[in-house]
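Asks: I'm passing along my_file-v9.tsv; it holds TSV, C-alpha atoms and all ligand atoms.
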chain	number	residue	atom	x	y	z
E	1	MET	CA	12.30	7.42	0.84
E	2	ILE	CA	11.41	3.82	1.51
E	3	LEU	CA	10.02	1.34	-1.00
E	4	SER	CA	7.60	-1.31	0.23
E	5	VAL	CA	6.96	-3.95	-2.42
E	6	ASN	CA	3.49	-5.47	-2.61
E	7	VAL	CA	3.72	-9.16	-3.58
E	8	ASP	CA	-0.05	-9.83	-3.92
E	9	HIS	CA	0.17	-10.55	-7.62
E	10	VAL	CA	2.73	-13.30	-7.18
E	11	ALA	CA	-0.01	-14.95	-5.15
E	12	THR	CA	-2.53	-14.13	-7.90
E	13	VAL	CA	-0.53	-16.36	-10.29
E	14	ARG	CA	-0.30	-19.10	-7.67
E	15	GLN	CA	-4.03	-19.01	-6.97
E	16	ALA	CA	-4.75	-19.37	-10.71
E	17	ARG	CA	-3.91	-23.08	-10.16
E	18	LEU	CA	-4.55	-23.24	-6.40
E	19	GLY	CA	-1.08	-24.75	-5.95
E	20	SER	CA	2.09	-23.64	-4.19
E	21	ASP	CA	3.97	-21.86	-7.03
E	22	PRO	CA	5.02	-19.13	-7.35
E	23	ASP	CA	5.46	-18.46	-3.65
E	24	PRO	CA	4.99	-14.83	-2.55
E	25	VAL	CA	7.32	-15.56	0.37
E	26	ALA	CA	10.16	-16.41	-2.03
E	27	ALA	CA	9.28	-13.29	-4.05
E	28	ALA	CA	9.48	-11.21	-0.86
E	29	VAL	CA	12.96	-12.55	-0.08
E	30	LEU	CA	14.17	-11.67	-3.60
E	31	ALA	CA	12.53	-8.23	-3.36
E	32	VAL	CA	14.51	-7.57	-0.19
E	33	LEU	CA	17.72	-8.68	-1.96
E	34	GLY	CA	16.84	-6.19	-4.72
E	35	GLY	CA	16.59	-3.36	-2.19
E	36	ALA	CA	13.00	-3.39	-0.90
E	37	ASP	CA	12.78	-1.66	2.48
E	38	GLY	CA	9.52	-3.38	3.33
E	39	ILE	CA	6.98	-5.90	2.06
E	40	THR	CA	3.24	-5.34	1.73
E	41	ILE	CA	0.43	-7.87	1.39
E	42	HIS	CA	-3.34	-7.40	1.24
E	43	LEU	CA	-5.26	-10.16	2.99
E	44	ARG	CA	-8.69	-9.88	1.42
E	45	GLU	CA	-11.88	-11.27	2.87
E	46	ASP	CA	-12.23	-13.59	-0.18
E	47	ARG	CA	-8.52	-14.69	-0.03
E	48	ARG	CA	-8.30	-14.25	-3.78
E	49	HIS	CA	-4.49	-13.90	-3.74
E	50	ILE	CA	-2.74	-13.70	-0.36
E	51	ILE	CA	-3.83	-16.44	2.04
E	52	ASP	CA	-3.43	-16.76	5.81
E	53	ARG	CA	-0.39	-19.02	5.45
E	54	ASP	CA	1.48	-16.25	3.54
E	55	LEU	CA	0.88	-13.80	6.38
E	56	ASP	CA	2.06	-16.33	8.97
E	57	VAL	CA	5.22	-17.36	7.09
E	58	LEU	CA	6.16	-13.79	6.17
E	59	ARG	CA	5.75	-12.73	9.79
E	60	GLN	CA	8.10	-15.49	10.88
E	61	THR	CA	10.77	-14.98	8.22
E	62	LEU	CA	10.95	-11.40	6.93
E	63	SER	CA	13.93	-9.24	7.83
E	64	VAL	CA	12.13	-6.00	6.89
E	65	PRO	CA	8.84	-4.50	8.15
E	66	LEU	CA	5.65	-6.18	6.96
E	67	ASN	CA	2.72	-3.93	6.10
E	68	LEU	CA	-0.65	-5.69	6.14
E	69	GLU	CA	-3.38	-4.07	4.07
E	70	MET	CA	-6.84	-5.04	5.27
E	71	ALA	CA	-10.43	-3.95	5.73
E	72	ALA	CA	-11.45	-2.59	9.15
E	73	THR	CA	-13.49	-5.70	10.05
E	74	ASP	CA	-13.52	-7.68	13.30
E	75	GLU	CA	-12.10	-10.73	11.55
E	76	MET	CA	-9.12	-8.79	10.17
E	77	ILE	CA	-8.45	-6.85	13.36
E	78	GLU	CA	-8.29	-10.15	15.27
E	79	LYS	CA	-6.01	-11.61	12.58
E	80	ALA	CA	-3.66	-8.62	12.82
E	81	ALA	CA	-3.60	-8.76	16.62
E	82	ALA	CA	-2.68	-12.46	16.45
E	83	THR	CA	0.11	-12.07	13.88
E	84	LEU	CA	1.46	-8.58	14.72
E	85	PRO	CA	2.69	-7.10	11.43
E	86	ALA	CA	4.80	-3.94	11.84
E	87	MET	CA	2.00	-1.87	10.33
E	88	VAL	CA	-1.59	-2.21	9.19
E	89	THR	CA	-2.95	-0.11	6.35
E	90	LEU	CA	-6.73	0.11	6.50
E	91	VAL	CA	-8.28	0.07	3.03
E	92	PRO	CA	-11.83	-0.04	1.68
E	93	GLU	CA	-12.73	-3.43	0.25
E	94	LYS	CA	-15.43	-4.42	-2.18
E	95	ARG	CA	-15.91	-8.01	-3.31
E	96	GLN	CA	-16.44	-7.17	-6.98
E	97	GLU	CA	-13.48	-4.83	-7.47
E	98	LEU	CA	-10.37	-5.88	-9.43
E	99	THR	CA	-8.17	-3.85	-7.09
E	100	THR	CA	-8.67	-1.24	-4.35
E	101	GLU	CA	-10.62	1.42	-6.22
E	102	GLY	CA	-10.09	4.44	-4.03
E	103	GLY	CA	-9.24	5.71	-0.59
E	104	LEU	CA	-11.35	5.12	2.52
E	105	ASP	CA	-14.59	7.04	2.91
E	106	VAL	CA	-13.27	8.64	6.10
E	107	GLN	CA	-16.09	11.18	6.23
E	108	SER	CA	-18.78	8.49	6.68
E	109	ASN	CA	-16.71	5.95	8.61
E	110	GLY	CA	-14.81	8.12	11.07
E	111	GLU	CA	-16.10	6.40	14.22
E	112	ARG	CA	-15.61	2.86	12.85
E	113	LEU	CA	-12.07	3.72	11.76
E	114	LYS	CA	-11.29	5.32	15.12
E	115	ASP	CA	-12.41	2.13	16.85
E	116	ALA	CA	-10.26	-0.02	14.51
E	117	VAL	CA	-7.22	2.23	15.04
E	118	THR	CA	-7.67	2.05	18.82
E	119	ARG	CA	-7.90	-1.76	18.79
E	120	LEU	CA	-4.84	-2.10	16.55
E	121	HIS	CA	-2.88	0.32	18.75
E	122	GLU	CA	-3.85	-1.74	21.80
E	123	ALA	CA	-2.24	-4.71	20.03
E	124	GLY	CA	0.90	-2.58	19.51
E	125	ILE	CA	0.49	-2.15	15.74
E	126	GLU	CA	1.16	1.10	13.88
E	127	VAL	CA	-1.76	2.15	11.65
E	128	SER	CA	-1.92	3.89	8.30
E	129	LEU	CA	-5.13	4.94	6.51
E	130	PHE	CA	-5.36	4.76	2.72
E	131	VAL	CA	-7.02	8.04	1.77
E	132	ASN	CA	-7.95	9.99	-1.31
E	133	PRO	CA	-5.78	13.00	-2.15
E	134	SER	CA	-7.88	15.45	-0.15
E	135	PRO	CA	-6.70	17.72	2.70
E	136	GLU	CA	-10.10	17.26	4.43
E	137	ASP	CA	-9.73	13.48	4.44
E	138	VAL	CA	-6.22	13.83	5.84
E	139	GLU	CA	-7.55	16.01	8.68
E	140	ILE	CA	-10.20	13.42	9.55
E	141	SER	CA	-7.51	10.71	9.51
E	142	LEU	CA	-5.68	12.56	12.27
E	143	ILE	CA	-8.84	12.52	14.40
E	144	THR	CA	-9.06	8.71	14.11
E	145	GLY	CA	-5.67	8.50	15.85
E	146	ALA	CA	-3.89	6.96	12.82
E	147	ASP	CA	-0.11	7.33	12.75
E	148	ARG	CA	0.18	7.66	9.00
E	149	VAL	CA	-1.74	8.21	5.81
E	150	GLU	CA	-1.11	6.67	2.43
E	151	ILE	CA	-2.28	8.99	-0.32
E	152	HIS	CA	-4.09	7.19	-3.15
E	153	THR	CA	-2.22	7.88	-6.40
E	154	GLY	CA	-4.45	5.73	-8.64
E	155	THR	CA	-6.30	8.59	-10.34
E	156	TYR	CA	-2.98	10.31	-11.09
E	157	ALA	CA	-1.55	7.05	-12.42
E	158	ASN	CA	-4.54	6.40	-14.68
E	159	ALA	CA	-4.92	9.98	-15.94
E	160	SER	CA	-5.43	10.08	-19.69
E	161	THR	CA	-4.25	13.63	-20.45
E	162	PRO	CA	-1.34	15.82	-19.27
E	163	GLN	CA	-3.89	18.28	-17.89
E	164	ILE	CA	-5.49	15.63	-15.66
E	165	VAL	CA	-2.02	14.46	-14.58
E	166	LYS	CA	-1.26	18.04	-13.51
E	167	GLN	CA	-4.55	18.44	-11.66
E	168	GLU	CA	-4.13	15.12	-9.85
E	169	LEU	CA	-0.55	15.97	-8.89
E	170	GLN	CA	-1.79	19.22	-7.38
E	171	LYS	CA	-4.36	17.34	-5.32
E	172	ILE	CA	-1.70	14.87	-4.12
E	173	LEU	CA	0.62	17.74	-3.22
E	174	ALA	CA	-2.09	19.54	-1.21
E	175	ALA	CA	-2.93	16.35	0.71
E	176	VAL	CA	0.75	15.60	1.39
E	177	GLN	CA	1.32	19.14	2.64
E	178	LYS	CA	-1.66	18.93	4.98
E	179	ALA	CA	-0.44	15.60	6.38
E	180	ALA	CA	3.05	16.98	6.92
E	181	GLU	CA	1.60	20.10	8.64
E	182	LEU	CA	-0.40	17.85	10.99
E	183	GLY	CA	2.64	15.75	11.83
E	184	LEU	CA	1.38	12.57	10.13
E	185	THR	CA	3.89	10.39	8.34
E	186	VAL	CA	2.79	10.40	4.71
E	187	ASN	CA	3.16	7.63	2.15
E	188	ALA	CA	1.79	7.19	-1.35
E	189	GLY	CA	0.74	4.34	-3.56
E	190	HIS	CA	-1.47	2.68	-6.14
E	191	GLY	CA	-0.89	2.46	-9.88
E	192	LEU	CA	2.72	3.62	-9.64
E	193	ASN	CA	5.12	2.26	-12.26
E	194	TYR	CA	8.49	2.97	-13.88
E	195	HIS	CA	7.04	5.81	-15.98
E	196	ASN	CA	5.01	7.75	-13.45
E	197	VAL	CA	6.82	7.18	-10.14
E	198	GLN	CA	9.33	10.02	-10.22
E	199	ALA	CA	6.80	12.85	-9.92
E	200	ILE	CA	5.62	11.29	-6.66
E	201	ALA	CA	9.09	10.27	-5.45
E	202	GLY	CA	10.12	13.91	-5.93
E	203	ILE	CA	7.69	15.19	-3.28
E	204	LYS	CA	9.91	15.81	-0.28
E	205	ALA	CA	7.38	15.11	2.47
E	206	VAL	CA	6.52	11.66	1.10
E	207	SER	CA	8.29	9.06	3.27
E	208	GLY	CA	7.44	5.86	1.48
E	209	LEU	CA	6.08	4.39	-1.73
E	210	TYR	CA	3.90	1.26	-1.79
E	211	ILE	CA	4.13	-0.43	-5.18
E	212	GLY	CA	2.87	-3.79	-6.41
E	213	HIS	CA	1.51	-4.43	-9.89
E	214	GLY	CA	4.11	-2.38	-11.78
E	215	ILE	CA	7.04	-4.14	-10.11
E	216	ILE	CA	5.55	-7.65	-10.35
E	217	SER	CA	4.73	-7.09	-14.05
E	218	ARG	CA	8.36	-6.26	-14.73
E	219	ALA	CA	9.60	-9.04	-12.47
E	220	VAL	CA	7.80	-11.60	-14.66
E	221	LEU	CA	10.14	-10.53	-17.47
E	222	VAL	CA	13.42	-9.55	-15.80
E	223	GLY	CA	13.27	-11.21	-12.38
E	224	MET	CA	12.23	-9.89	-9.01
E	225	GLU	CA	15.59	-8.62	-7.77
E	226	GLN	CA	16.24	-6.73	-10.97
E	227	ALA	CA	12.72	-5.24	-11.10
E	228	VAL	CA	12.99	-3.94	-7.54
E	229	ARG	CA	16.50	-2.59	-8.11
E	230	GLN	CA	15.34	-0.67	-11.19
E	231	MET	CA	12.45	0.89	-9.23
E	232	LYS	CA	14.69	1.70	-6.28
E	233	ASN	CA	17.15	3.44	-8.64
E	234	LEU	CA	14.40	5.60	-10.14
E	235	ILE	CA	13.17	6.60	-6.70
E	236	THR	CA	16.57	7.42	-5.26
E	237	GLN	CA	17.85	9.27	-8.33
E	238	VAL	CA	15.04	11.83	-8.32
E	239	ARG	CA	15.71	15.34	-7.01
E	240	ARG	CA	13.63	16.29	-3.94
E	241	PRO	CA	13.82	20.09	-3.81
I	1	LIG	N1	-1.45	0.85	-1.68
I	1	LIG	C1	-2.64	0.30	-1.36
I	1	LIG	C2	-3.34	0.78	-0.14
I	1	LIG	C3	-3.19	-0.74	-2.14
I	1	LIG	O1	-4.39	-1.27	-1.82
I	1	LIG	C4	-2.46	-1.21	-3.24
I	1	LIG	C5	-3.00	-2.36	-4.06
I	1	LIG	O2	-3.05	-3.50	-3.26
I	1	LIG	C6	-1.22	-0.61	-3.52
I	1	LIG	C7	-0.76	0.44	-2.75
I	1	LIG	C8	-0.38	-1.07	-4.66
I	1	LIG	O3	-1.02	-0.77	-5.87
I	1	LIG	P1	-0.41	-1.28	-7.21
I	1	LIG	O4	-0.49	-2.76	-7.21
I	1	LIG	O5	-1.26	-0.63	-8.26
I	1	LIG	O6	1.03	-0.81	-7.26
Will you turn the file into structure tokens for me?

Replies:
Amino acid sequence: MILSVNVDHVATVRQARLGSDPDPVAAAVLAVLGGADGITIHLREDRRHIIDRDLDVLRQTLSVPLNLEMAATDEMIEKAAATLPAMVTLVPEKRQELTTEGGLDVQSNGERLKDAVTRLHEAGIEVSLFVNPSPEDVEISLITGADRVEIHTGTYANASTPQIVKQELQKILAAVQKAAELGLTVNAGHGLNYHNVQAIAGIKAVSGLYIGHGIISRAVLVGMEQAVRQMKNLITQVRRP
């Protein structure tokens, strides 16, 4: 089980003053020292946190795979082809949202996503689609040619009652099983933290977890290395029957 640490919110603090501190690149280095297997950044159209310079410097310096989250737009596809991250995760993007609100609408955007996947593959980049926990959406993802899916865990993470938690876990499990059946590598992420991660880490077919806000929130208090190490311990300690 790999852990890719999303450092967007280090950049959020930096952009609050439009200066150079704290540097998400430094945070990424410390995350790797704490045991991160990969680093994730989301380059948004509005550059509200990660900026182009972060992508360029991380690409030149990181010792672990860089996953670039981005919208399937021409601008971003060209950016990815020019910088060549190890992987691109295609996500929906709305200007007004505080964070990615859900998985891709793969049912309505199948052709557009297929085209984006093809262009990214031509550039030699592996592609993951961020999808809702639905077996149908996973099946459509396969048709686009994507190599992986990342199952959206946000509704599970935000569930307000044990019953909803259970229902959401069942949906995640069904989507993971479908992806595994189809031979897609399957990851999970969004809203995961130190309290809710183990139920997801315990699903055997899940290969990687993509976690940002929870780790950065703890890192503000205990330091980046320590925050990543604590998350890594929780993930590796869990039984995967
Ligand atoms: N996975 C995807 C596709 C995302 O868009 C995000 C948020 O950028 C995450 C995972 C991480 O979510 P969080 O910050 O809630 O851990």

Asks: Ranking E:His42, E:Arg53, E:His190, E:Arg239 by minimum distance to Val88 of chain E and counting only C-alpha atoms, which one comes first?

Replies: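 Of all the options, E:His42 lies closest to Val88 of chain E.
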
Asks: Rank nothing, just name the residue among E:Pro92, E:Pro65, E:Gly38, E:Gly202 nearest to Val106 of chain E, using only C-alpha atoms.

Replies: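 Of the candidates, the smallest distance to Val106 of chain E is held by E:Pro92.
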
Asks: So, counting only C-alpha atoms and all ligand atoms, which residue among E:Gly19, E:Gly208, E:Gly145, E:Gly35 is closest to ligand LIG 1 (chain I)?

Replies: E:Gly208

Asks: List as a PyMOL selection string the protein and nucleic acid residues lying within 7 Å of ligand LIG 1 (chain I), with only C-alpha atoms and all ligand atoms counted.

Replies: chain E and resi 6+42+69+89+91+99-100+130+150+189-192+210-214

Asks: In Å, with one decimal, what is the gap from atom CA of Ile172 of chain E to atom CA of Gly103 of chain E?

Replies: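 It comes out at 12.4 Å.
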
Asks: Name all residues at most 8 Å from Gln15 of chain E (count all atoms listed in the file; drop same-chain ones fewer than 3 positions away) and give them as an NGL selection string.

Replies: :E and (11-12 or 18-19 or 48-49)

Asks: Take the residues from that selection and write them out as a PDB file, keeping the file's coordinate frame, keeping C-alpha atoms.

Replies:
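part.pdb written:
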ATOM      1  CA  ALA E  11      -0.010 -14.950  -5.150  1.00  0.00           C
ATOM      2  CA  THR E  12      -2.530 -14.130  -7.900  1.00  0.00           C
ATOM      3  CA  LEU E  18      -4.550 -23.240  -6.400  1.00  0.00           C
ATOM      4  CA  GLY E  19      -1.080 -24.750  -5.950  1.00  0.00           C
ATOM      5  CA  ARG E  48      -8.300 -14.250  -3.780  1.00  0.00           C
ATOM      6  CA  HIS E  49      -4.490 -13.900  -3.740  1.00  0.00           C
TER       7      HIS E  49
END

Asks: Go through E:Ile77, E:Val29, E:Val238, E:Leu209 and flag the residue nearest Leu58 of chain E, using only C-alpha atoms for the distances.

Replies: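 Among E:Ile77, E:Val29, E:Val238, E:Leu209, it is E:Val29 that comes nearest to Leu58 of chain E.
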
Asks: From the list E:Pro162, E:Gln198, E:Val149, E:Lys204, which residue is nearest Ala179 of chain E when using only C-alpha atoms?

Replies: E:Val149

Asks: Rank E:Val176, E:Met224, E:Ile203, E:Leu66 by their smallest atom-to-atom distance to Leu33 of chain E, using all atoms listed in the file, and report the top residue only.

Replies: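 Among the listed residues, the smallest separation from Leu33 of chain E belongs to E:Met224.
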
Asks: Have a look at atom CA of Glu93 of chain E and atom CA of Asp54 of chain E and let me know their distance in Å, one decimal.

Replies: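 Separating atom CA of Glu93 of chain E from atom CA of Asp54 of chain E is a distance of 19.4 Å.
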
Asks: Distance atom CA of His152 of chain E-atom CA of Met1 of chain E, one decimal place?

Replies: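 Straight-line distance from atom CA of His152 of chain E to atom CA of Met1 of chain E works out to 16.9 Å.
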
Asks: Report as lines of an AutoDock Vina configuration file the centre and the edge lengths, in Å to one decimal, of the axis-aligned box holding every listed atom of segment 192-200 of chain E, padded by 8 Å on each side.

Replies:
center_x = 6.0
center_y = 7.6
center_z = -11.3
size_x = 22.6
size_y = 26.6
size_z = 25.3

Asks: Can you pull out every residue within 8 Å of Ala227 of chain E, counting only C-alpha atoms, but drop anything in the same chain fewer than 4 positions away, and send it as a compact mmCIF listing (two decimals) with C-alpha atoms, in the frame of the given file?

Replies:
# COMPACT_ATOMS: atom_id res chain seq x y z
CA GLY E 34 16.84 -6.19 -4.72
CA ILE E 215 7.04 -4.14 -10.11
CA ILE E 216 5.55 -7.65 -10.35
CA ARG E 218 8.36 -6.26 -14.73
CA ALA E 219 9.60 -9.04 -12.47
CA VAL E 222 13.42 -9.55 -15.80
CA GLY E 223 13.27 -11.21 -12.38
CA MET E 231 12.45 0.89 -9.23

Asks: Residues within 6 Å of (1.1, -9.3, 12.4), file coordinates, counting all atoms listed in the file: what are they? Give the list as an MDAnalysis selection string.

Replies: chainID E and resid 80 83:85

Asks: Anything within 8 Å of (10.1, -10.1, -3.6): list those residues as number ranges by chain, counting all atoms listed in the file and sticking to the file's coordinates.

Replies: E: 5, 7, 24-34, 36, 39, 224-225, 228

Asks: Compile the contact shell of segment 113-118 of chain E as a list in words: residues with an atom at most 10 Å away, counting only C-alpha atoms, same-chain residues fewer than 6 positions apart removed.

Replies: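 Everything that qualifies: Ala71, Ala72, Thr73, Asp74, Met76, Ile77, Val88, Thr89, Leu90, Leu104, Asp105, Val106, Gly124, Ile125, Glu126, Val127, Ser128, Leu129, Ile140, Ser141, Leu142, Ile143, Thr144, Gly145, Ala146 and Asp147 of chain E.
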